[in-house]
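Novice: Sharing data.cif here; it has mmCIF, C-alpha atoms.
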data_work
loop_
_atom_site.label_atom_id
_atom_site.label_comp_id
_atom_site.auth_asym_id
_atom_site.auth_seq_id
_atom_site.Cartn_x
_atom_site.Cartn_y
_atom_site.Cartn_z
CA MET I 1 0.00 0.00 0.00
CA ALA I 2 1.41 3.39 -0.98
CA THR I 3 2.01 6.03 1.66
CA GLU I 4 -0.58 8.77 1.44
CA ASN I 5 0.75 12.19 0.53
CA PRO I 6 -0.47 15.08 2.68
CA LEU I 7 -3.02 17.49 1.29
CA ASN I 8 -1.21 20.30 -0.48
CA TYR I 9 -2.16 23.77 -1.62
CA GLU I 10 -1.00 23.43 -5.22
CA ALA I 11 -4.11 22.88 -7.26
CA SER I 12 -3.66 20.65 -10.30
CA ALA I 13 -5.51 19.14 -13.20
CA GLY I 14 -4.84 15.66 -11.89
CA ALA I 15 -1.17 15.05 -12.59
CA THR I 16 0.66 17.19 -10.04
CA HIS I 17 1.71 15.16 -6.96
CA LEU I 18 -0.52 12.34 -8.18
CA GLN I 19 -0.76 9.55 -5.62
CA VAL I 20 -1.02 6.07 -7.15
CA THR I 21 -2.44 3.67 -4.60
CA GLU I 22 -3.81 0.13 -4.43
CA THR I 23 -6.59 1.13 -2.03
CA LEU I 24 -8.83 4.16 -1.63
CA PRO I 25 -7.31 7.04 0.37
CA SER I 26 -8.49 6.83 3.96
CA GLU I 27 -10.40 10.14 3.76
CA VAL I 28 -12.32 8.94 0.71
CA ALA I 29 -13.23 5.63 2.34
CA GLN I 30 -14.31 7.45 5.50
CA CYS I 31 -16.52 9.84 3.54
CA LEU I 32 -18.15 6.98 1.65
CA GLN I 33 -18.74 5.09 4.90
CA ASN I 34 -20.36 8.05 6.68
CA ALA I 35 -22.26 10.11 4.12
CA ARG I 36 -25.96 9.60 3.38
CA PHE I 37 -26.09 10.88 -0.20
CA LEU I 38 -23.73 11.73 -3.04
CA HIS I 39 -23.95 13.83 -6.20
CA LEU I 40 -23.71 11.94 -9.48
CA ALA I 41 -22.53 13.86 -12.55
CA THR I 42 -23.23 12.41 -15.98
CA CYS I 43 -22.73 13.99 -19.39
CA THR I 44 -23.74 13.52 -22.99
CA ASN I 45 -23.46 15.82 -26.01
CA LEU I 46 -21.50 18.29 -23.85
CA PHE I 47 -24.48 18.85 -21.53
CA PRO I 48 -23.70 17.87 -17.90
CA HIS I 49 -26.38 16.61 -15.54
CA VAL I 50 -26.13 16.28 -11.73
CA SER I 51 -28.35 14.09 -9.55
CA LEU I 52 -28.61 13.58 -5.78
CA MET I 53 -28.39 9.85 -5.12
CA ASN I 54 -28.74 7.20 -2.46
CA TYR I 55 -25.72 4.94 -2.71
CA THR I 56 -23.92 1.95 -1.26
CA TYR I 57 -20.14 1.70 -1.05
CA LEU I 58 -18.67 -1.79 -1.42
CA PRO I 59 -14.90 -2.20 -0.93
CA SER I 60 -15.32 -5.56 -2.66
CA SER I 61 -18.05 -8.03 -3.60
CA PRO I 62 -18.47 -11.55 -4.99
CA TYR I 63 -18.52 -9.93 -8.43
CA SER I 64 -15.54 -7.61 -8.11
CA SER I 65 -12.44 -7.28 -5.96
CA SER I 66 -12.28 -3.58 -6.83
CA PRO I 67 -14.06 -0.91 -4.78
CA ALA I 68 -17.39 0.08 -6.31
CA ILE I 69 -20.40 2.27 -5.67
CA ILE I 70 -23.91 0.93 -6.14
CA MET I 71 -26.92 3.05 -7.09
CA THR I 72 -30.33 2.49 -8.64
CA THR I 73 -32.02 4.58 -11.31
CA ASN I 74 -35.23 4.86 -13.28
CA PRO I 75 -34.60 3.31 -16.72
CA SER I 76 -36.09 6.32 -18.50
CA SER I 77 -34.36 9.01 -16.45
CA LYS I 78 -31.97 11.58 -17.89
CA LYS I 79 -29.02 10.13 -15.98
CA THR I 80 -29.74 6.61 -17.26
CA LEU I 81 -29.81 7.80 -20.86
CA ASN I 82 -26.58 9.68 -20.22
CA LEU I 83 -24.95 6.57 -18.74
CA ILE I 84 -25.88 4.51 -21.78
CA SER I 85 -24.36 7.13 -24.06
CA ASN I 86 -21.33 7.90 -21.89
CA PRO I 87 -20.41 5.58 -18.99
CA ARG I 88 -17.80 7.96 -17.56
CA VAL I 89 -19.09 9.59 -14.41
CA SER I 90 -17.92 11.82 -11.58
CA LEU I 91 -19.20 11.62 -8.01
CA LEU I 92 -19.01 14.12 -5.17
CA VAL I 93 -19.30 13.01 -1.55
CA HIS I 94 -18.52 15.15 1.49
CA ASP I 95 -18.84 15.32 5.27
CA TRP I 96 -19.94 18.94 5.47
CA VAL I 97 -23.38 19.80 6.85
CA SER I 98 -25.06 21.53 3.95
CA HIS I 99 -27.58 23.75 5.74
CA ARG I 100 -26.67 27.42 5.35
CA PRO I 101 -25.54 29.06 8.63
CA PRO I 102 -26.58 32.59 9.65
CA THR I 103 -25.09 35.40 7.60
CA THR I 104 -24.49 39.14 7.98
CA ASN I 105 -26.77 39.82 5.02
CA ARG I 106 -28.10 43.39 5.22
CA ARG I 107 -29.62 43.61 1.76
CA GLY I 108 -33.16 43.19 3.00
CA SER I 109 -35.40 40.40 4.15
CA THR I 110 -37.74 39.88 1.20
CA ASN I 111 -37.14 36.91 -1.05
CA ASP I 112 -37.17 39.03 -4.20
CA ARG I 113 -34.31 41.20 -2.90
CA ALA I 114 -32.09 38.68 -1.14
CA GLY I 115 -30.50 36.06 -3.36
CA SER I 116 -29.69 33.76 -0.44
CA PRO I 117 -31.85 33.21 2.68
CA PRO I 118 -31.77 36.36 4.82
CA PRO I 119 -30.42 36.20 8.40
CA GLU I 120 -33.84 35.86 10.02
CA VAL I 121 -34.54 32.76 7.93
CA SER I 122 -31.15 31.20 8.62
CA ARG I 123 -31.25 31.72 12.37
CA SER I 124 -33.48 28.77 13.21
CA SER I 125 -33.07 26.12 15.87
CA LEU I 126 -32.43 23.58 13.11
CA ALA I 127 -29.76 25.82 11.60
CA ALA I 128 -28.12 26.19 14.99
CA LEU I 129 -28.13 22.43 15.50
CA LEU I 130 -26.63 21.75 12.10
CA LEU I 131 -24.07 24.50 12.57
CA ASN I 132 -22.96 22.92 15.83
CA LEU I 133 -22.69 19.54 14.12
CA ASN I 134 -20.64 21.07 11.34
CA THR I 135 -18.18 22.87 13.59
CA SER I 136 -17.69 19.77 15.73
CA ALA I 137 -16.88 17.54 12.76
CA LEU I 138 -13.58 15.72 13.03
CA SER I 139 -12.82 16.34 9.38
CA SER I 140 -14.24 18.60 6.71
CA ILE I 141 -13.31 17.28 3.31
CA SER I 142 -14.94 16.57 -0.01
CA ALA I 143 -14.01 13.71 -2.30
CA THR I 144 -14.40 13.81 -6.05
CA ILE I 145 -14.49 10.26 -7.41
CA ASN I 146 -14.23 9.35 -11.08
CA GLY I 147 -15.23 6.03 -12.53
CA GLU I 148 -17.01 4.03 -15.18
CA ALA I 149 -20.63 3.09 -14.74
CA ARG I 150 -22.57 0.17 -16.13
CA LEU I 151 -26.14 -1.01 -15.86
CA VAL I 152 -26.29 -4.51 -14.38
CA GLU I 153 -28.21 -6.98 -16.51
CA ARG I 154 -31.78 -7.47 -15.33
CA GLY I 155 -32.75 -10.60 -13.43
CA THR I 156 -29.21 -11.83 -12.87
CA PRO I 157 -27.82 -13.00 -9.52
CA GLU I 158 -25.49 -10.01 -9.67
CA GLU I 159 -28.42 -7.59 -9.90
CA ILE I 160 -30.23 -9.35 -7.06
CA TYR I 161 -27.14 -9.24 -4.87
CA TYR I 162 -26.40 -5.56 -5.45
CA LYS I 163 -30.02 -4.51 -5.02
CA GLU I 164 -30.31 -6.40 -1.73
CA GLN I 165 -27.11 -4.79 -0.44
CA HIS I 166 -28.33 -1.37 -1.53
CA LEU I 167 -31.75 -1.83 0.07
CA ASP I 168 -30.27 -3.03 3.36
CA ASN I 169 -27.89 -0.09 3.40
CA ASN I 170 -30.78 2.37 3.01
CA THR I 171 -33.16 0.82 5.54
CA PHE I 172 -32.62 2.57 8.84
CA THR I 173 -33.16 1.41 12.41
CA ASP I 174 -35.54 2.80 15.02
CA GLY I 175 -32.58 4.47 16.66
CA GLU I 176 -31.94 6.56 13.57
CA GLU I 177 -35.63 7.33 13.30
CA GLY I 178 -35.63 8.44 16.90
CA GLN I 179 -32.92 10.97 16.15
CA ARG I 180 -35.11 12.42 13.43
CA ASN I 181 -38.00 12.99 15.80
CA SER I 182 -36.46 16.15 17.15
CA LEU I 183 -36.09 17.58 13.64
CA TRP I 184 -39.23 16.61 11.74
CA ASN I 185 -42.90 16.35 12.59
CA GLU I 186 -44.80 13.08 12.32
CA ARG I 187 -46.20 13.70 8.86
CA GLU I 188 -42.79 14.57 7.45
CA ARG I 189 -41.25 11.44 8.98
CA GLU I 190 -43.91 9.23 7.45
CA ASN I 191 -43.29 10.69 4.00
CA CYS I 192 -39.50 10.69 4.18
CA ASP I 193 -37.63 7.45 3.59
CA GLY I 194 -34.78 9.01 1.64
CA GLY I 195 -36.48 7.95 -1.58
CA ARG I 196 -36.09 4.24 -0.75
CA GLY I 197 -39.61 3.29 -1.77
CA SER I 198 -39.48 5.05 -5.13
CA PHE I 199 -35.84 4.82 -6.10
CA ILE I 200 -34.60 1.50 -4.68
CA GLU I 201 -37.51 -0.88 -4.09
CA GLY I 202 -39.30 -0.18 -7.38
CA GLU I 203 -39.53 -3.16 -9.71
CA ASP I 204 -38.45 -1.17 -12.76
CA VAL I 205 -35.33 0.45 -11.31
CA ARG I 206 -31.99 -0.46 -12.84
CA VAL I 207 -28.91 -1.21 -10.76
CA VAL I 208 -25.85 0.89 -11.57
CA VAL I 209 -22.33 -0.16 -10.60
CA VAL I 210 -19.58 2.46 -10.72
CA LYS I 211 -16.04 1.09 -10.83
CA ILE I 212 -13.80 3.65 -9.12
CA THR I 213 -10.72 4.73 -11.07
CA ASP I 214 -9.35 7.97 -9.60
CA GLY I 215 -10.26 11.22 -7.90
CA ARG I 216 -9.34 14.16 -5.72
CA VAL I 217 -9.55 14.96 -2.01
CA SER I 218 -10.12 18.59 -1.01
CA ASP I 219 -10.43 20.19 2.41
CA TRP I 220 -12.16 23.36 3.53
CA LYS I 221 -8.89 25.32 3.36
CA GLY I 222 -8.46 24.60 -0.34
CA ALA I 223 -5.80 21.91 0.00
CA VAL I 224 -6.04 19.13 -2.58
CA ARG I 225 -4.55 15.73 -3.36
CA ASP I 226 -5.08 13.78 -6.56
CA TRP I 227 -5.10 9.99 -6.47
CA SER I 228 -5.49 7.05 -8.83
CA LEU I 229 -6.14 3.37 -8.19
CA ALA I 230 -3.37 1.14 -9.50
CA GLY I 231 -3.97 -2.03 -11.45
CA ALA I 232 -6.80 -3.45 -13.47
CA GLU I 233 -9.82 -5.43 -12.30
CA GLY I 234 -8.84 -8.05 -9.72
CA GLN I 235 -5.40 -6.54 -9.02
CA ASN I 236 -6.34 -4.09 -6.27
CA ASN I 237 -5.26 -4.94 -2.74
CA VAL I 238 -8.59 -5.78 -1.12
CA GLN I 239 -8.61 -7.44 2.26
CA GLY I 240 -11.41 -8.79 4.39
CA GLU I 241 -15.04 -9.47 3.60
CA ALA I 242 -17.30 -7.30 1.49
CA SER I 243 -18.93 -4.54 3.49
CA VAL I 244 -21.73 -2.07 3.00
CA ASN I 245 -20.58 1.52 3.57
CA GLY I 246 -17.75 0.10 5.62
CA VAL I 247 -19.91 -2.28 7.70
CA ASN I 248 -19.52 -6.02 7.21
CA SER I 249 -22.59 -7.41 5.53
CA THR I 250 -22.35 -10.82 7.20
#
Rewrite the structure from the file as C-alpha cells, please.
Specialist:
Amino acid sequence: MATENPLNYEASAGATHLQVTETLPSEVAQCLQNARFLHLATCTNLFPHVSLMNYTYLPSSPYSSSPAIIMTTNPSSKKTLNLISNPRVSLLVHDWVSHRPPTTNRRGSTNDRAGSPPPEVSRSSLAALLLNLNTSALSSISATINGEARLVERGTPEEIYYKEQHLDNNTFTDGEEGQRNSLWNERERENCDGGRGSFIEGEDVRVVVVKITDGRVSDWKGAVRDWSLAGAEGQNNVQGEASVNGVNST
C-alpha cells in the first residue's frame, strides 16, 4: 500500500503530486462510509447533468475485488440515458453539513431582494443544531471520485445481490428514526424514507455499478490531493469481507 501524501495547496488538473495507490485514500473511504447521499454527474453531447443519489459503497463483492459504488435509477431518467451514451461519471461526496448558517446579510429580508436566505430565515433552531454539528466535525473534506458506470443486466444473480445490499444499506433502524424525531414532525417522517420506496424498491429500477478509477480529495482550506487506483480489475489490494458503507454485511 502506498504512503498517502499530505493534502497540499498546489491545485492541479490531476497530474501534479498524483498519488497512485492500491486502495482508496483513507479520507475517501471514511466519507463513503459516513455520508448519506452523493452527487452523481453524468454527461452527454457536452451537456452535464447532476443528480442527488442514495448509494452503497462496497470495498469488494463476490462480483468484483475492486471498490465500487452501487446506485439504482429509473430506466427512463436523464441520468440513465446519459450513462448509456457515456459511462464515464464523476461523483461528489462530502462530510460537510449543507444547511446554510446565519449570515451578515443586510440587503433586506424579502425573497425578491435577497439572493440567499436572509439572516432571520437562517437563524433557526435547526440551523443552529446543524451549525454545531458542522463545527464539531472531526474532518471537513470533499471527495471527487471518477469512474465508469454500467447497468447490471436485469434478473441476474449479480443484480439481485447488489439490489439487496443497496436496500439493506438504506433501511434505517428505530434508533436513527428516533434521532429524526427532534427535527421533523410526524407527517414529514412518514413521508421521508430518503427515496427508498421510489428509487430503490421499485420493480423497474436499474442497478448501476460504478467502478472507481481515480479522484481528488479537497479540504475546507483549499488543499487538494489527486489519487489514482493502481492495477486493473482483480489486481487491487482488497482485504477482508465485502462490506456495505464500511460495515460487514455478514
Novice: Report the distance between atom CA of Asp214 of chain I and atom CA of Asp226 of chain I in Å, rounded to one decimal place.
Specialist: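 Separating atom CA of Asp214 of chain I from atom CA of Asp226 of chain I is a distance of 7.8 Å.
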Novice: One decimal, in Å: what's the spacing between atom CA of Asp95 of chain I and atom CA of Leu58 of chain I?
Specialist: 18.4 Å
Novice: Just the residues within 6 Å of Ala230 of chain I, please, counting all atoms listed in the file, with nothing from its chain fewer than 2 positions along; format it as an NGL selection string.
Specialist: :I and (20-22)
Novice: Please, could you write that set of residues out with C-alpha atoms as a short mmCIF file (atom, residue, chain, number, x, y, z; two decimals), keeping the file's coordinate frame?
Specialist:
data_model
loop_
_atom_site.label_atom_id
_atom_site.label_comp_id
_atom_site.auth_asym_id
_atom_site.auth_seq_id
_atom_site.Cartn_x
_atom_site.Cartn_y
_atom_site.Cartn_z
CA VAL I 20 -1.02 6.07 -7.15
CA THR I 21 -2.44 3.67 -4.60
CA GLU I 22 -3.81 0.13 -4.43
#
Novice: I need the output of the PyMOL selection byres ((chain I and resi 45) around 10) for this file as a short mmCIF file (atom, residue, chain, number, x, y, z; two decimals) with C-alpha atoms, in the coordinates of the input; which residues are they?
Specialist:
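Result file is result.cif:
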data_model
loop_
_atom_site.label_atom_id
_atom_site.label_comp_id
_atom_site.auth_asym_id
_atom_site.auth_seq_id
_atom_site.Cartn_x
_atom_site.Cartn_y
_atom_site.Cartn_z
CA CYS I 43 -22.73 13.99 -19.39
CA THR I 44 -23.74 13.52 -22.99
CA LEU I 46 -21.50 18.29 -23.85
CA PHE I 47 -24.48 18.85 -21.53
CA PRO I 48 -23.70 17.87 -17.90
CA ASN I 82 -26.58 9.68 -20.22
CA SER I 85 -24.36 7.13 -24.06
CA ASN I 86 -21.33 7.90 -21.89
#
Novice: Do you have the atom CA of Val152 of chain I-atom CA of Asn54 of chain I distance handy?
Specialist: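 Answer for the atom CA of Val152 of chain I to atom CA of Asn54 of chain I separation: 16.9 Å.
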Novice: Nearest to Ile212 of chain I: which of I:Thr56, I:Ser66, I:Ser77, I:Gln165 is it, counting only C-alpha atoms?
Specialist: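 So, comparing all the options, the nearest one is I:Ser66.
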Novice: Which polymer residues have any atom within 9 Å of an atom of Phe37 of chain I, counting all atoms listed in the file, with same-chain residues fewer than 4 positions away left out, as number ranges by chain?
Specialist: I: 52-55, 93-94
Novice: With the file shown as input, list the residues that the PyMOL selection byres ((chain I and resi 143) around 6) selects, as a ChimeraX atom specification.
Specialist: /I:28,92-93,142,144,216-217
Novice: Could you save the residues just selected, with C-alpha atoms, as a PDB file, keeping the file's coordinate frame?
Specialist:
ATOM      1  CA  VAL I  28     -12.320   8.940   0.710  1.00  0.00           C
ATOM      2  CA  LEU I  92     -19.010  14.120  -5.170  1.00  0.00           C
ATOM      3  CA  VAL I  93     -19.300  13.010  -1.550  1.00  0.00           C
ATOM      4  CA  SER I 142     -14.940  16.570  -0.010  1.00  0.00           C
ATOM      5  CA  THR I 144     -14.400  13.810  -6.050  1.00  0.00           C
ATOM      6  CA  ARG I 216      -9.340  14.160  -5.720  1.00  0.00           C
ATOM      7  CA  VAL I 217      -9.550  14.960  -2.010  1.00  0.00           C
TER       8      VAL I 217
END
Novice: Residues at most 9 Å from Asp204 of chain I, counting only C-alpha atoms, excluding those fewer than 4 positions away in the same chain, as a PDB file with C-alpha atoms, in the frame of the given file?
Specialist:
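out06.pdb, freshly written:
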ATOM      1  CA  THR I  73     -32.020   4.580 -11.310  1.00  0.00           C
ATOM      2  CA  ASN I  74     -35.230   4.860 -13.280  1.00  0.00           C
ATOM      3  CA  PRO I  75     -34.600   3.310 -16.720  1.00  0.00           C
TER       4      PRO I  75
END
Novice: Set the distance at 7 Å and use all atoms listed in the file: which residues neighbour Val210 of chain I once local chain neighbours fewer than 4 positions away are removed? I'd like the list as a ChimeraX atom specification.
Specialist: /I:68-70,147-150
Novice: Which residue gives the smallest distance to Ile141 of chain I among I:Gln19, I:Asn34, I:Ala41, I:Asp219, with only C-alpha atoms counted?
Specialist: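 Once distances to Ile141 of chain I are computed over only C-alpha atoms, the minimum belongs to I:Asp219.
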Novice: If we count only C-alpha atoms and set the cut-off at 10 Å, which residues sit around Leu151 of chain I, ignoring sequence neighbours fewer than 2 positions away in its own chain? Please answer as a list in words.
Specialist: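 Counting only the stated atoms, we get Met71, Thr72, Thr73, Pro75, Thr80, Leu83, Ile84, Pro87, Ala149, Glu153, Arg154, Glu159, Arg206, Val207, Val208, Val209 and Val210 of chain I.
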Novice: Keeping C-alpha atoms, export the residues of the selection given above as a PDB file, in the frame of the given file.
Specialist:
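The result, stored in again_19.pdb:
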ATOM      1  CA  MET I  71     -26.920   3.050  -7.090  1.00  0.00           C
ATOM      2  CA  THR I  72     -30.330   2.490  -8.640  1.00  0.00           C
ATOM      3  CA  THR I  73     -32.020   4.580 -11.310  1.00  0.00           C
ATOM      4  CA  PRO I  75     -34.600   3.310 -16.720  1.00  0.00           C
ATOM      5  CA  THR I  80     -29.740   6.610 -17.260  1.00  0.00           C
ATOM      6  CA  LEU I  83     -24.950   6.570 -18.740  1.00  0.00           C
ATOM      7  CA  ILE I  84     -25.880   4.510 -21.780  1.00  0.00           C
ATOM      8  CA  PRO I  87     -20.410   5.580 -18.990  1.00  0.00           C
ATOM      9  CA  ALA I 149     -20.630   3.090 -14.740  1.00  0.00           C
ATOM     10  CA  GLU I 153     -28.210  -6.980 -16.510  1.00  0.00           C
ATOM     11  CA  ARG I 154     -31.780  -7.470 -15.330  1.00  0.00           C
ATOM     12  CA  GLU I 159     -28.420  -7.590  -9.900  1.00  0.00           C
ATOM     13  CA  ARG I 206     -31.990  -0.460 -12.840  1.00  0.00           C
ATOM     14  CA  VAL I 207     -28.910  -1.210 -10.760  1.00  0.00           C
ATOM     15  CA  VAL I 208     -25.850   0.890 -11.570  1.00  0.00           C
ATOM     16  CA  VAL I 209     -22.330  -0.160 -10.600  1.00  0.00           C
ATOM     17  CA  VAL I 210     -19.580   2.460 -10.720  1.00  0.00           C
TER      18      VAL I 210
END
